[in-house]
>>> print(open('my_file00.cif').read())   # mmCIF, C-alpha atoms and all ligand atoms
data_coords
loop_
_atom_site.group_PDB
_atom_site.id
_atom_site.type_symbol
_atom_site.label_atom_id
_atom_site.label_comp_id
_atom_site.auth_asym_id
_atom_site.auth_seq_id
_atom_site.Cartn_x
_atom_site.Cartn_y
_atom_site.Cartn_z
ATOM 1 C CA MET K 1 49.169 -59.880 -14.079
ATOM 2 C CA THR K 2 45.544 -60.726 -13.513
ATOM 3 C CA ILE K 3 43.788 -63.528 -15.354
ATOM 4 C CA LYS K 4 40.567 -65.459 -15.310
ATOM 5 C CA ILE K 5 40.281 -69.208 -15.645
ATOM 6 C CA THR K 6 37.037 -70.983 -16.376
ATOM 7 C CA ALA K 7 36.003 -74.606 -16.347
ATOM 8 C CA THR K 8 32.949 -76.421 -17.615
ATOM 9 C CA GLN K 9 31.471 -79.853 -16.910
ATOM 10 C CA LEU K 10 34.343 -80.677 -14.599
ATOM 11 C CA SER K 11 34.067 -84.097 -13.047
ATOM 12 C CA MET K 12 36.396 -86.467 -11.267
ATOM 13 C CA ARG K 13 35.863 -90.169 -10.766
ATOM 14 C CA PHE K 14 38.099 -92.742 -9.158
ATOM 15 C CA LYS K 15 36.964 -96.182 -10.396
ATOM 16 C CA ASP K 16 33.207 -96.267 -9.669
ATOM 17 C CA ARG K 17 33.262 -93.410 -7.203
ATOM 18 C CA VAL K 18 32.172 -90.024 -8.497
ATOM 19 C CA LEU K 19 33.999 -87.429 -6.439
ATOM 20 C CA PHE K 20 32.299 -84.381 -7.941
ATOM 21 C CA HIS K 21 30.627 -82.957 -10.984
ATOM 22 C CA ILE K 22 30.812 -79.171 -11.328
ATOM 23 C CA PRO K 23 28.900 -77.761 -14.317
ATOM 24 C CA GLU K 24 30.711 -74.415 -14.304
ATOM 25 C CA LEU K 25 33.249 -72.441 -12.325
ATOM 26 C CA SER K 26 35.509 -69.464 -12.793
ATOM 27 C CA ILE K 27 38.291 -67.790 -10.859
ATOM 28 C CA GLY K 28 39.402 -64.211 -11.321
ATOM 29 C CA PRO K 29 40.219 -61.624 -12.088
ATOM 30 C CA ASN K 30 41.139 -60.644 -8.521
ATOM 31 C CA ASP K 31 39.000 -63.170 -6.640
ATOM 32 C CA ALA K 32 39.425 -64.408 -3.095
ATOM 33 C CA ILE K 33 37.610 -67.704 -2.616
ATOM 34 C CA TYR K 34 37.239 -69.897 0.455
ATOM 35 C CA LEU K 35 36.927 -73.533 -0.610
ATOM 36 C CA LYS K 36 35.378 -75.724 2.047
ATOM 37 C CA GLY K 37 33.951 -79.205 2.407
ATOM 38 C CA ASP K 38 34.273 -82.307 4.559
ATOM 39 C CA ASN K 39 37.337 -84.554 4.512
ATOM 40 C CA GLY K 40 37.615 -86.437 1.252
ATOM 41 C CA VAL K 41 35.074 -84.462 -0.804
ATOM 42 C CA GLY K 42 37.752 -83.515 -3.321
ATOM 43 C CA LYS K 43 39.114 -80.064 -2.425
ATOM 44 C CA THR K 44 42.754 -81.015 -3.057
ATOM 45 C CA THR K 45 41.785 -82.870 -6.225
ATOM 46 C CA LEU K 46 39.917 -79.807 -7.525
ATOM 47 C CA LEU K 47 42.874 -77.494 -6.829
ATOM 48 C CA LYS K 48 45.238 -79.905 -8.585
ATOM 49 C CA ILE K 49 42.906 -80.007 -11.601
ATOM 50 C CA LEU K 50 42.730 -76.195 -11.695
ATOM 51 C CA SER K 51 46.519 -75.929 -11.579
ATOM 52 C CA GLY K 52 46.889 -78.486 -14.377
ATOM 53 C CA LEU K 53 48.630 -81.095 -12.208
ATOM 54 C CA VAL K 54 45.767 -83.616 -12.506
ATOM 55 C CA LYS K 55 43.561 -84.330 -15.509
ATOM 56 C CA PRO K 56 39.819 -84.355 -14.784
ATOM 57 C CA THR K 57 37.698 -87.320 -15.853
ATOM 58 C CA THR K 58 35.510 -84.972 -17.909
ATOM 59 C CA GLY K 59 35.551 -81.280 -18.701
ATOM 60 C CA LYS K 60 38.363 -78.855 -19.254
ATOM 61 C CA VAL K 61 39.924 -75.825 -17.701
ATOM 62 C CA ASP K 62 40.475 -72.815 -19.935
ATOM 63 C CA CYS K 63 43.308 -70.506 -19.098
ATOM 64 C CA PRO K 64 43.065 -67.812 -21.803
ATOM 65 C CA ASN K 65 46.574 -66.383 -21.647
ATOM 66 C CA ARG K 66 48.218 -69.749 -21.907
ATOM 67 C CA SER K 67 50.596 -69.352 -24.820
ATOM 68 C CA LEU K 68 50.957 -71.832 -27.641
ATOM 69 C CA PHE K 69 54.577 -72.244 -26.551
ATOM 70 C CA SER K 70 53.647 -73.208 -23.006
ATOM 71 C CA THR K 71 50.846 -75.470 -24.268
ATOM 72 C CA MET K 72 53.329 -77.275 -26.499
ATOM 73 C CA PHE K 73 56.256 -77.523 -24.134
ATOM 74 C CA ARG K 74 54.937 -77.579 -20.589
ATOM 75 C CA LYS K 75 53.870 -81.104 -19.746
ATOM 76 C CA THR K 76 52.336 -80.389 -16.352
ATOM 77 C CA GLY K 77 51.203 -77.306 -14.526
ATOM 78 C CA ARG K 78 49.543 -74.159 -15.768
ATOM 79 C CA LYS K 79 51.511 -71.008 -16.364
ATOM 80 C CA ASP K 80 50.838 -68.400 -13.695
ATOM 81 C CA VAL K 81 48.656 -70.698 -11.581
ATOM 82 C CA ILE K 82 50.504 -71.957 -8.522
ATOM 83 C CA TYR K 83 49.340 -74.786 -6.288
ATOM 84 C CA LEU K 84 50.648 -74.509 -2.731
ATOM 85 C CA HIS K 85 50.697 -78.053 -1.390
ATOM 86 C CA GLN K 86 49.400 -78.777 2.102
ATOM 87 C CA SER K 87 52.651 -80.565 2.983
ATOM 88 C CA PRO K 88 55.048 -78.602 0.812
ATOM 89 C CA TYR K 89 57.938 -80.233 -0.973
ATOM 90 C CA LEU K 90 61.269 -78.546 -0.309
ATOM 91 C CA PHE K 91 64.372 -79.862 -2.045
ATOM 92 C CA ASP K 92 67.649 -80.796 -0.370
ATOM 93 C CA GLY K 93 69.293 -77.390 0.133
ATOM 94 C CA SER K 94 69.169 -74.224 2.162
ATOM 95 C CA VAL K 95 66.112 -72.082 2.820
ATOM 96 C CA TYR K 96 67.606 -69.433 0.504
ATOM 97 C CA GLN K 97 68.226 -71.940 -2.320
ATOM 98 C CA ASN K 98 64.650 -73.217 -2.097
ATOM 99 C CA VAL K 99 63.200 -69.736 -2.492
ATOM 100 C CA VAL K 100 65.609 -68.367 -5.114
ATOM 101 C CA TYR K 101 64.900 -71.448 -7.251
ATOM 102 C CA ALA K 102 61.442 -70.038 -7.980
ATOM 103 C CA ILE K 103 62.970 -67.019 -9.756
ATOM 104 C CA ARG K 104 65.939 -68.766 -11.360
ATOM 105 C CA PHE K 105 64.835 -67.749 -14.874
ATOM 106 C CA GLN K 106 64.294 -64.069 -14.042
ATOM 107 C CA LYS K 107 66.811 -61.879 -15.828
ATOM 108 C CA GLU K 108 68.057 -59.950 -12.833
ATOM 109 C CA ALA K 109 71.413 -59.465 -11.185
ATOM 110 C CA THR K 110 72.189 -62.011 -8.454
ATOM 111 C CA LYS K 111 72.242 -59.277 -5.829
ATOM 112 C CA ASP K 112 68.731 -58.121 -6.847
ATOM 113 C CA LYS K 113 67.451 -61.687 -6.649
ATOM 114 C CA ARG K 114 69.064 -62.016 -3.232
ATOM 115 C CA ALA K 115 67.308 -58.847 -2.089
ATOM 116 C CA GLN K 116 63.969 -60.238 -3.315
ATOM 117 C CA VAL K 117 64.504 -63.544 -1.522
ATOM 118 C CA ILE K 118 65.543 -61.882 1.731
ATOM 119 C CA ASN K 119 62.495 -59.618 1.492
ATOM 120 C CA ALA K 120 60.222 -62.661 1.005
ATOM 121 C CA LEU K 121 61.867 -64.455 3.930
ATOM 122 C CA ARG K 122 61.536 -61.340 6.075
ATOM 123 C CA MET K 123 57.811 -61.286 5.338
ATOM 124 C CA VAL K 124 57.487 -64.801 6.734
ATOM 125 C CA GLY K 125 59.889 -64.039 9.594
ATOM 126 C CA LEU K 126 62.597 -66.445 8.447
ATOM 127 C CA GLU K 127 65.361 -64.173 7.153
ATOM 128 C CA THR K 128 67.720 -65.251 9.934
ATOM 129 C CA LEU K 129 67.356 -68.870 8.776
ATOM 130 C CA ALA K 130 68.186 -68.135 5.112
ATOM 131 C CA ASP K 131 71.406 -70.170 5.146
ATOM 132 C CA GLU K 132 70.080 -73.071 7.216
ATOM 133 C CA HIS K 133 69.383 -76.434 5.586
ATOM 134 C CA VAL K 134 65.632 -77.030 5.237
ATOM 135 C CA SER K 135 65.925 -80.305 7.189
ATOM 136 C CA VAL K 136 66.302 -78.357 10.444
ATOM 137 C CA LEU K 137 63.010 -76.470 9.978
ATOM 138 C CA SER K 138 59.796 -77.211 11.835
ATOM 139 C CA GLY K 139 56.626 -78.100 9.900
ATOM 140 C CA GLY K 140 55.256 -74.571 10.276
ATOM 141 C CA GLU K 141 58.551 -73.034 9.133
ATOM 142 C CA LYS K 142 58.556 -75.256 6.025
ATOM 143 C CA GLN K 143 55.032 -74.066 5.253
ATOM 144 C CA ARG K 144 56.226 -70.450 5.555
ATOM 145 C CA VAL K 145 59.203 -71.109 3.220
ATOM 146 C CA ALA K 146 56.771 -72.590 0.685
ATOM 147 C CA MET K 147 54.568 -69.497 0.948
ATOM 148 C CA ALA K 148 57.600 -67.214 0.444
ATOM 149 C CA ARG K 149 58.532 -69.275 -2.624
ATOM 150 C CA ALA K 150 55.006 -68.975 -4.034
ATOM 151 C CA TRP K 151 54.730 -65.250 -3.245
ATOM 152 C CA ILE K 152 58.026 -64.344 -4.911
ATOM 153 C CA ILE K 153 56.672 -65.616 -8.262
ATOM 154 C CA LYS K 154 53.698 -63.206 -7.933
ATOM 155 C CA PRO K 155 51.333 -65.732 -9.519
ATOM 156 C CA SER K 156 48.077 -64.625 -11.142
ATOM 157 C CA ILE K 157 46.260 -67.355 -9.240
ATOM 158 C CA LEU K 158 47.487 -68.936 -6.019
ATOM 159 C CA LEU K 159 45.698 -72.096 -4.894
ATOM 160 C CA MET K 160 46.444 -72.601 -1.197
ATOM 161 C CA ASP K 161 45.693 -76.072 0.162
ATOM 162 C CA GLU K 162 45.196 -75.871 3.938
ATOM 163 C CA PRO K 163 47.961 -73.279 4.270
ATOM 164 C CA SER K 164 47.207 -72.611 7.926
ATOM 165 C CA ALA K 165 46.868 -76.227 9.127
ATOM 166 C CA SER K 166 50.216 -76.292 10.953
ATOM 167 C CA LEU K 167 50.607 -72.596 11.664
ATOM 168 C CA ASP K 168 50.359 -70.572 14.856
ATOM 169 C CA GLN K 169 48.509 -67.259 14.998
ATOM 170 C CA GLU K 170 51.578 -65.119 14.226
ATOM 171 C CA SER K 171 52.485 -67.237 11.175
ATOM 172 C CA ILE K 172 48.909 -67.010 9.882
ATOM 173 C CA GLU K 173 49.146 -63.216 10.203
ATOM 174 C CA ARG K 174 52.333 -63.278 8.116
ATOM 175 C CA LEU K 175 50.569 -65.282 5.405
ATOM 176 C CA VAL K 176 47.735 -62.770 5.530
ATOM 177 C CA VAL K 177 50.213 -59.956 4.731
ATOM 178 C CA MET K 178 51.508 -61.889 1.703
ATOM 179 C CA ALA K 179 48.002 -62.844 0.569
ATOM 180 C CA LYS K 180 46.827 -59.210 0.830
ATOM 181 C CA ASP K 181 49.856 -58.091 -1.172
ATOM 182 C CA LEU K 182 48.978 -60.551 -3.953
ATOM 183 C CA LEU K 183 45.342 -59.404 -3.946
ATOM 184 C CA GLN K 184 46.492 -55.786 -4.252
ATOM 185 C CA ARG K 185 48.569 -56.764 -7.276
ATOM 186 C CA GLY K 186 45.414 -58.187 -8.909
ATOM 187 C CA SER K 187 46.077 -61.880 -8.221
ATOM 188 C CA SER K 188 43.327 -64.309 -7.224
ATOM 189 C CA LEU K 189 43.426 -66.689 -4.281
ATOM 190 C CA VAL K 190 41.614 -69.901 -3.490
ATOM 191 C CA ILE K 191 42.113 -71.025 0.108
ATOM 192 C CA THR K 192 41.007 -74.336 1.615
ATOM 193 C CA SER K 193 40.716 -74.653 5.350
ATOM 194 C CA HIS K 194 38.677 -76.612 7.859
ATOM 195 C CA GLN K 195 38.519 -73.588 10.160
ATOM 196 C CA THR K 196 37.860 -69.979 9.370
ATOM 197 C CA ASN K 197 40.705 -67.660 10.365
ATOM 198 C CA ALA K 198 42.346 -64.373 9.381
ATOM 199 C CA LEU K 199 43.330 -65.869 6.033
ATOM 200 C CA THR K 200 39.873 -67.129 5.078
ATOM 201 C CA ASP K 201 38.479 -63.790 6.309
ATOM 202 C CA LEU K 202 40.097 -62.221 3.210
ATOM 203 C CA CYS K 203 37.725 -64.215 1.012
ATOM 204 C CA LYS K 204 34.707 -62.659 -0.656
ATOM 205 C CA LYS K 205 33.256 -65.853 -2.096
ATOM 206 C CA GLN K 206 32.721 -69.354 -0.833
ATOM 207 C CA TRP K 207 32.873 -72.608 -2.745
ATOM 208 C CA TRP K 208 31.350 -75.491 -0.828
ATOM 209 C CA ILE K 209 31.790 -79.014 -2.167
ATOM 210 C CA LYS K 210 28.961 -81.197 -0.901
ATOM 211 C CA GLU K 211 26.893 -84.048 -2.286
ATOM 212 C CA THR K 212 29.325 -84.381 -5.200
ATOM 213 C CA THR K 213 28.824 -80.878 -6.503
ATOM 214 C CA MET K 214 29.969 -77.380 -5.671
ATOM 215 C CA VAL K 215 27.817 -74.527 -4.434
ATOM 216 C CA GLU K 216 29.093 -70.971 -4.828
ATOM 217 C CA SER K 217 27.900 -68.167 -2.574
ATOM 218 C CA PRO K 218 29.060 -64.740 -1.435
ATOM 219 C CA LEU K 219 30.896 -64.915 1.866
ATOM 220 C CA LEU K 220 29.295 -62.702 4.448
ATOM 221 C CA HIS K 221 31.464 -61.484 7.303
ATOM 222 C CA VAL K 222 30.356 -60.558 10.754
ATOM 223 C CA ILE K 223 31.779 -57.095 11.372
ATOM 224 C CA SER K 224 32.629 -56.307 14.967
ATOM 225 C CA LYS K 225 31.253 -53.127 16.548
ATOM 226 C CA GLU K 226 34.790 -51.662 16.708
ATOM 227 C CA GLN K 227 35.405 -52.457 13.024
ATOM 228 C CA ALA K 228 32.046 -50.891 12.034
ATOM 229 C CA GLN K 229 32.925 -47.725 13.994
ATOM 230 C CA GLU K 230 36.379 -47.624 12.368
ATOM 231 C CA ASN K 231 34.834 -48.042 8.878
ATOM 232 C CA SER K 232 32.328 -45.304 9.576
ATOM 233 C CA TYR K 233 35.125 -43.008 10.812
ATOM 234 C CA VAL K 234 37.163 -43.641 7.643
ATOM 235 C CA ALA K 235 34.075 -43.066 5.443
ATOM 236 C CA THR K 236 33.289 -39.792 7.209
ATOM 237 C CA ASN K 237 36.834 -38.430 7.338
ATOM 238 C CA GLY K 238 38.362 -39.926 4.208
ATOM 239 C CA ASN K 239 38.793 -37.801 1.132
HETATM 240 N N1 LIG Z 301 44.837 -90.849 -7.329
HETATM 241 C C1 LIG Z 301 43.801 -91.259 -6.611
HETATM 242 N N2 LIG Z 301 43.293 -92.494 -6.739
HETATM 243 C C2 LIG Z 301 42.216 -92.912 -6.031
HETATM 244 N N3 LIG Z 301 41.571 -92.145 -5.133
HETATM 245 C C3 LIG Z 301 42.048 -90.893 -4.961
HETATM 246 C C4 LIG Z 301 43.164 -90.372 -5.678
HETATM 247 N N4 LIG Z 301 43.383 -89.086 -5.299
HETATM 248 C C5 LIG Z 301 42.432 -88.812 -4.381
HETATM 249 N N5 LIG Z 301 41.636 -89.886 -4.175
HETATM 250 C C6 LIG Z 301 40.500 -89.963 -3.271
HETATM 251 O O1 LIG Z 301 39.625 -88.877 -3.549
HETATM 252 C C7 LIG Z 301 39.045 -88.393 -2.346
HETATM 253 C C8 LIG Z 301 39.224 -86.903 -2.261
HETATM 254 O O2 LIG Z 301 40.558 -86.599 -1.953
HETATM 255 P P1 LIG Z 301 41.028 -85.102 -1.690
HETATM 256 O O3 LIG Z 301 42.409 -85.166 -1.143
HETATM 257 O O4 LIG Z 301 40.818 -84.321 -2.916
HETATM 258 O O5 LIG Z 301 39.989 -84.652 -0.575
HETATM 259 P P2 LIG Z 301 39.957 -83.339 0.333
HETATM 260 O O6 LIG Z 301 38.582 -82.762 0.235
HETATM 261 O O7 LIG Z 301 41.097 -82.434 -0.022
HETATM 262 O O8 LIG Z 301 40.164 -83.962 1.777
HETATM 263 P P3 LIG Z 301 40.809 -83.367 3.139
HETATM 264 O O9 LIG Z 301 39.878 -82.311 3.655
HETATM 265 O O10 LIG Z 301 40.837 -84.572 4.030
HETATM 266 O O11 LIG Z 301 42.185 -82.855 2.806
HETATM 267 C C9 LIG Z 301 39.696 -89.169 -1.208
HETATM 268 O O12 LIG Z 301 38.814 -90.177 -0.779
HETATM 269 C C10 LIG Z 301 40.933 -89.761 -1.835
HETATM 270 O O13 LIG Z 301 41.266 -90.991 -1.262
#
>>> encode(input="my_file00.cif", output="structure tokens")
Amino acid sequence: MTIKITATQLSMRFKDRVLFHIPELSIGPNDAIYLKGDNGVGKTTLLKILSGLVKPTTGKVDCPNRSLFSTMFRKTGRKDVIYLHQSPYLFDGSVYQNVVYAIRFQKEATKDKRAQVINALRMVGLETLADEHVSVLSGGEKQRVAMARAWIIKPSILLMDEPSASLDQESIERLVVMAKDLLQRGSSLVITSHQTNALTDLCKKQWWIKETTMVESPLLHVISKEQAQENSYVATNGN
């Protein structure tokens, strides 16, 4: 499912310190946004506000398809908007249990759920660790389990907080495959990172938090000569 969320007059203040004031923003449908800014400008805080985990000081976030039921009964979090934490929380259990938990309410046979989980773990290269306890995983492996758990829900909007901070090149490539799959399904992504990489290269827009506000701009990519030649070949020979 693809949705759009909008926010107006969003501001966050801690005591006397104004973190940011953003007159207007929107995500979706099918956006890919690179959120950048110096340490402490409020990137994590903004993502938590957008996912409904933190209440802004002023302003509100509108999520049009939020049902009356979910508004009444969900105390935190926004339906269909997933926040992927920069140091993900995994509960005391196996890798498999942590991922299958995300789809516990889906009405599917156990064997179909198992197939989905194994597929998600295969995408992050961890299928052989499915039955291991999460305590034996490295930091990068935990991050990959968290991404598998987010991907399996197929959220409309995935907010990824420094997803590549503890990942090697191969793991980043695996996240890229999952992120591309979500984009193809119509989802939107917001990705924070202090360095550009293959994941941020998927983004078409940039949000830059500076001087307590946010500036939005299109994200221009430098295309290598080889890539340009490949594109031109596809354009000439494609049907
Ligand atoms: N609950 C809170 N109470 C007081 N201050 C807070 C709270 N949450 C965040 N802050 C402060 O708000 C500022 C922004 O924090 P945030 O984590 O959003 O920044 P960030 O841009 O994600 O930083 P980084 O790039 O270092 O991850 C920080 O100075 C932080 O200490």
>>> residues_near_ligand(input="my_file00.cif", ligand="ligand LIG 301 (chain Z)", cutoff="7 Å", atoms="only C-alpha atoms and all ligand atoms", output="list in words")
Phe14, Leu19, Gly37, Asp38, Asn39, Gly40, Val41, Gly42, Lys43, Thr44, Thr45 and Leu46 of chain K
>>> write_last_selection(input="my_file00.cif", atoms="C-alpha atoms", output="compact mmCIF listing (two decimals), in the coordinates of the input")
# COMPACT_ATOMS: atom_id res chain seq x y z
CA PHE K 14 38.10 -92.74 -9.16
CA LEU K 19 34.00 -87.43 -6.44
CA GLY K 37 33.95 -79.20 2.41
CA ASP K 38 34.27 -82.31 4.56
CA ASN K 39 37.34 -84.55 4.51
CA GLY K 40 37.62 -86.44 1.25
CA VAL K 41 35.07 -84.46 -0.80
CA GLY K 42 37.75 -83.52 -3.32
CA LYS K 43 39.11 -80.06 -2.42
CA THR K 44 42.75 -81.02 -3.06
CA THR K 45 41.78 -82.87 -6.22
CA LEU K 46 39.92 -79.81 -7.52
>>> closest_residue(input="my_file00.cif", among="K:Glu127, K:Glu211, K:Asp80, K:Glu141", to="Leu175 of chain K", atoms="all atoms listed in the file")
K:Glu141
>>> closest_residue(input="my_file00.cif", among="K:Ser156, K:Ser171, K:Gln116, K:Gln106", to="Ser187 of chain K", atoms="only C-alpha atoms")
K:Ser156
>>> resolve_selection(input="my_file00.cif", expression="the PyMOL selection byres (((chain K and resi 113) around 12) and not hetatm)", output="JSON list (two decimals) with C-alpha atoms, in the coordinates of the input")
[["chain", "number", "residue", "atom", "x", "y", "z"],
["K", 96, "TYR", "CA", 67.61, -69.43, 0.50],
["K", 97, "GLN", "CA", 68.23, -71.94, -2.32],
["K", 99, "VAL", "CA", 63.20, -69.74, -2.49],
["K", 100, "VAL", "CA", 65.61, -68.37, -5.11],
["K", 101, "TYR", "CA", 64.90, -71.45, -7.25],
["K", 102, "ALA", "CA", 61.44, -70.04, -7.98],
["K", 103, "ILE", "CA", 62.97, -67.02, -9.76],
["K", 104, "ARG", "CA", 65.94, -68.77, -11.36],
["K", 105, "PHE", "CA", 64.83, -67.75, -14.87],
["K", 106, "GLN", "CA", 64.29, -64.07, -14.04],
["K", 107, "LYS", "CA", 66.81, -61.88, -15.83],
["K", 108, "GLU", "CA", 68.06, -59.95, -12.83],
["K", 109, "ALA", "CA", 71.41, -59.46, -11.18],
["K", 110, "THR", "CA", 72.19, -62.01, -8.45],
["K", 111, "LYS", "CA", 72.24, -59.28, -5.83],
["K", 112, "ASP", "CA", 68.73, -58.12, -6.85],
["K", 114, "ARG", "CA", 69.06, -62.02, -3.23],
["K", 115, "ALA", "CA", 67.31, -58.85, -2.09],
["K", 116, "GLN", "CA", 63.97, -60.24, -3.32],
["K", 117, "VAL", "CA", 64.50, -63.54, -1.52],
["K", 118, "ILE", "CA", 65.54, -61.88, 1.73],
["K", 119, "ASN", "CA", 62.50, -59.62, 1.49],
["K", 120, "ALA", "CA", 60.22, -62.66, 1.00],
["K", 152, "ILE", "CA", 58.03, -64.34, -4.91],
["K", 153, "ILE", "CA", 56.67, -65.62, -8.26]]
>>> atom_distance(input="my_file00.cif", atom1="atom CA of Thr2 of chain K", atom2="atom CA of Tyr83 of chain K")
16.3 Å
>>> atom_distance(input="my_file00.cif", atom1="atom CA of Val176 of chain K", atom2="atom CA of Trp208 of chain K")
21.7 Å
>>> closest_residue(input="my_file00.cif", among="K:His85, K:Ala198, K:His221, K:Glu226", to="Val145 of chain K", atoms="only C-alpha atoms")
K:His85
>>> closest_residue(input="my_file00.cif", among="K:Ser94, K:Gln143, K:Ser188, K:Ser138", to="Ile3 of chain K", atoms="only C-alpha atoms")
K:Ser188
>>> closest_residue(input="my_file00.cif", among="K:Val54, K:Ile157, K:Ile33, K:Met214", to="Ile5 of chain K", atoms="only C-alpha atoms")
K:Ile157
>>> closest_residue(input="my_file00.cif", among="K:Leu35, K:Ala165, K:Leu158, K:Met12", to="Ser87 of chain K", atoms="all atoms listed in the file")
K:Ala165
>>> atom_distance(input="my_file00.cif", atom1="atom CA of Gly59 of chain K", atom2="atom CA of Ser26 of chain K")
13.2 Å
>>> resolve_selection(input="my_file00.cif", expression="the PyMOL selection byres (((chain K and resi 123) around 8) and not hetatm)", output="PDB file with C-alpha atoms, in the coordinates of the input")
ATOM      1  CA  ASN K 119      62.495 -59.618   1.492  1.00  0.00           C
ATOM      2  CA  ALA K 120      60.222 -62.661   1.005  1.00  0.00           C
ATOM      3  CA  LEU K 121      61.867 -64.455   3.930  1.00  0.00           C
ATOM      4  CA  ARG K 122      61.536 -61.340   6.075  1.00  0.00           C
ATOM      5  CA  VAL K 124      57.487 -64.801   6.734  1.00  0.00           C
ATOM      6  CA  GLY K 125      59.889 -64.039   9.594  1.00  0.00           C
ATOM      7  CA  LEU K 126      62.597 -66.445   8.447  1.00  0.00           C
ATOM      8  CA  ALA K 148      57.600 -67.214   0.444  1.00  0.00           C
ATOM      9  CA  ARG K 174      52.333 -63.278   8.116  1.00  0.00           C
ATOM     10  CA  VAL K 177      50.213 -59.956   4.731  1.00  0.00           C
ATOM     11  CA  MET K 178      51.508 -61.889   1.703  1.00  0.00           C
TER      12      MET K 178
END
>>> resolve_selection(input="my_file00.cif", expression="the PyMOL selection byres (((chain K and resi 60-63) around 7) and not hetatm)", output="list in words")
Lys4, Ile5, Thr6, Ala7, Thr8, Leu10, Leu50, Thr58, Gly59, Pro64, Asn65 and Arg66 of chain K
>>> write_last_selection(input="my_file00.cif", atoms="C-alpha atoms", output="PDB file, keeping the file's coordinate frame")
ATOM      1  CA  LYS K   4      40.567 -65.459 -15.310  1.00  0.00           C
ATOM      2  CA  ILE K   5      40.281 -69.208 -15.645  1.00  0.00           C
ATOM      3  CA  THR K   6      37.037 -70.983 -16.376  1.00  0.00           C
ATOM      4  CA  ALA K   7      36.003 -74.606 -16.347  1.00  0.00           C
ATOM      5  CA  THR K   8      32.949 -76.421 -17.615  1.00  0.00           C
ATOM      6  CA  LEU K  10      34.343 -80.677 -14.599  1.00  0.00           C
ATOM      7  CA  LEU K  50      42.730 -76.195 -11.695  1.00  0.00           C
ATOM      8  CA  THR K  58      35.510 -84.972 -17.909  1.00  0.00           C
ATOM      9  CA  GLY K  59      35.551 -81.280 -18.701  1.00  0.00           C
ATOM     10  CA  PRO K  64      43.065 -67.812 -21.803  1.00  0.00           C
ATOM     11  CA  ASN K  65      46.574 -66.383 -21.647  1.00  0.00           C
ATOM     12  CA  ARG K  66      48.218 -69.749 -21.907  1.00  0.00           C
TER      13      ARG K  66
END
>>> residues_around(input="my_file00.cif", residues="Ser164 of chain K", least_positions_apart="6", cutoff="10 Å", atoms="all atoms listed in the file", output="mmCIF file with C-alpha atoms, in the coordinates of the input")
data_model
loop_
_atom_site.group_PDB
_atom_site.id
_atom_site.type_symbol
_atom_site.label_atom_id
_atom_site.label_comp_id
_atom_site.auth_asym_id
_atom_site.auth_seq_id
_atom_site.Cartn_x
_atom_site.Cartn_y
_atom_site.Cartn_z
ATOM 1 C CA GLN K 86 49.400 -78.777 2.102
ATOM 2 C CA GLY K 140 55.256 -74.571 10.276
ATOM 3 C CA GLN K 143 55.032 -74.066 5.253
ATOM 4 C CA ARG K 144 56.226 -70.450 5.555
ATOM 5 C CA SER K 171 52.485 -67.237 11.175
ATOM 6 C CA ILE K 172 48.909 -67.010 9.882
ATOM 7 C CA GLU K 173 49.146 -63.216 10.203
ATOM 8 C CA LEU K 175 50.569 -65.282 5.405
ATOM 9 C CA ILE K 191 42.113 -71.025 0.108
ATOM 10 C CA THR K 192 41.007 -74.336 1.615
ATOM 11 C CA SER K 193 40.716 -74.653 5.350
ATOM 12 C CA HIS K 194 38.677 -76.612 7.859
ATOM 13 C CA GLN K 195 38.519 -73.588 10.160
ATOM 14 C CA THR K 196 37.860 -69.979 9.370
ATOM 15 C CA ASN K 197 40.705 -67.660 10.365
ATOM 16 C CA ALA K 198 42.346 -64.373 9.381
ATOM 17 C CA LEU K 199 43.330 -65.869 6.033
ATOM 18 C CA THR K 200 39.873 -67.129 5.078
#
>>> residues_around(input="my_file00.cif", residues="Ser217 of chain K", least_positions_apart="4", cutoff="10 Å", atoms="only C-alpha atoms", output="count of residues only")
7
>>> residues_around(input="my_file00.cif", residues="Leu159 of chain K", least_positions_apart="2", cutoff="6 Å", atoms="all atoms listed in the file", output="tab-separated table (two decimals) with C-alpha atoms, in the coordinates of the input")
chain	number	residue	atom	x	y	z
K	83	TYR	CA	49.34	-74.79	-6.29
K	84	LEU	CA	50.65	-74.51	-2.73
K	189	LEU	CA	43.43	-66.69	-4.28
K	190	VAL	CA	41.61	-69.90	-3.49
>>> build_atoms(input="my_file00.cif", residues="segment 155-159 of chain K", atoms="N, CA, C and O atoms", output="mmCIF file, in the frame of the given file")
data_model
loop_
_atom_site.group_PDB
_atom_site.id
_atom_site.type_symbol
_atom_site.label_atom_id
_atom_site.label_comp_id
_atom_site.auth_asym_id
_atom_site.auth_seq_id
_atom_site.Cartn_x
_atom_site.Cartn_y
_atom_site.Cartn_z
ATOM 1 N N PRO K 155 52.209 -65.024 -8.570
ATOM 2 C CA PRO K 155 51.333 -65.732 -9.519
ATOM 3 C C PRO K 155 50.017 -64.992 -9.744
ATOM 4 O O PRO K 155 49.559 -64.255 -8.865
ATOM 5 N N SER K 156 49.404 -65.209 -10.887
ATOM 6 C CA SER K 156 48.077 -64.625 -11.142
ATOM 7 C C SER K 156 47.037 -65.296 -10.273
ATOM 8 O O SER K 156 46.085 -64.669 -9.832
ATOM 9 N N ILE K 157 47.206 -66.613 -10.084
ATOM 10 C CA ILE K 157 46.260 -67.355 -9.240
ATOM 11 C C ILE K 157 47.060 -68.250 -8.291
ATOM 12 O O ILE K 157 47.908 -69.030 -8.738
ATOM 13 N N LEU K 158 46.815 -68.092 -7.004
ATOM 14 C CA LEU K 158 47.487 -68.936 -6.019
ATOM 15 C C LEU K 158 46.439 -69.818 -5.341
ATOM 16 O O LEU K 158 45.485 -69.313 -4.739
ATOM 17 N N LEU K 159 46.630 -71.125 -5.465
ATOM 18 C CA LEU K 159 45.698 -72.096 -4.894
ATOM 19 C C LEU K 159 46.338 -72.642 -3.630
ATOM 20 O O LEU K 159 47.357 -73.343 -3.681
#
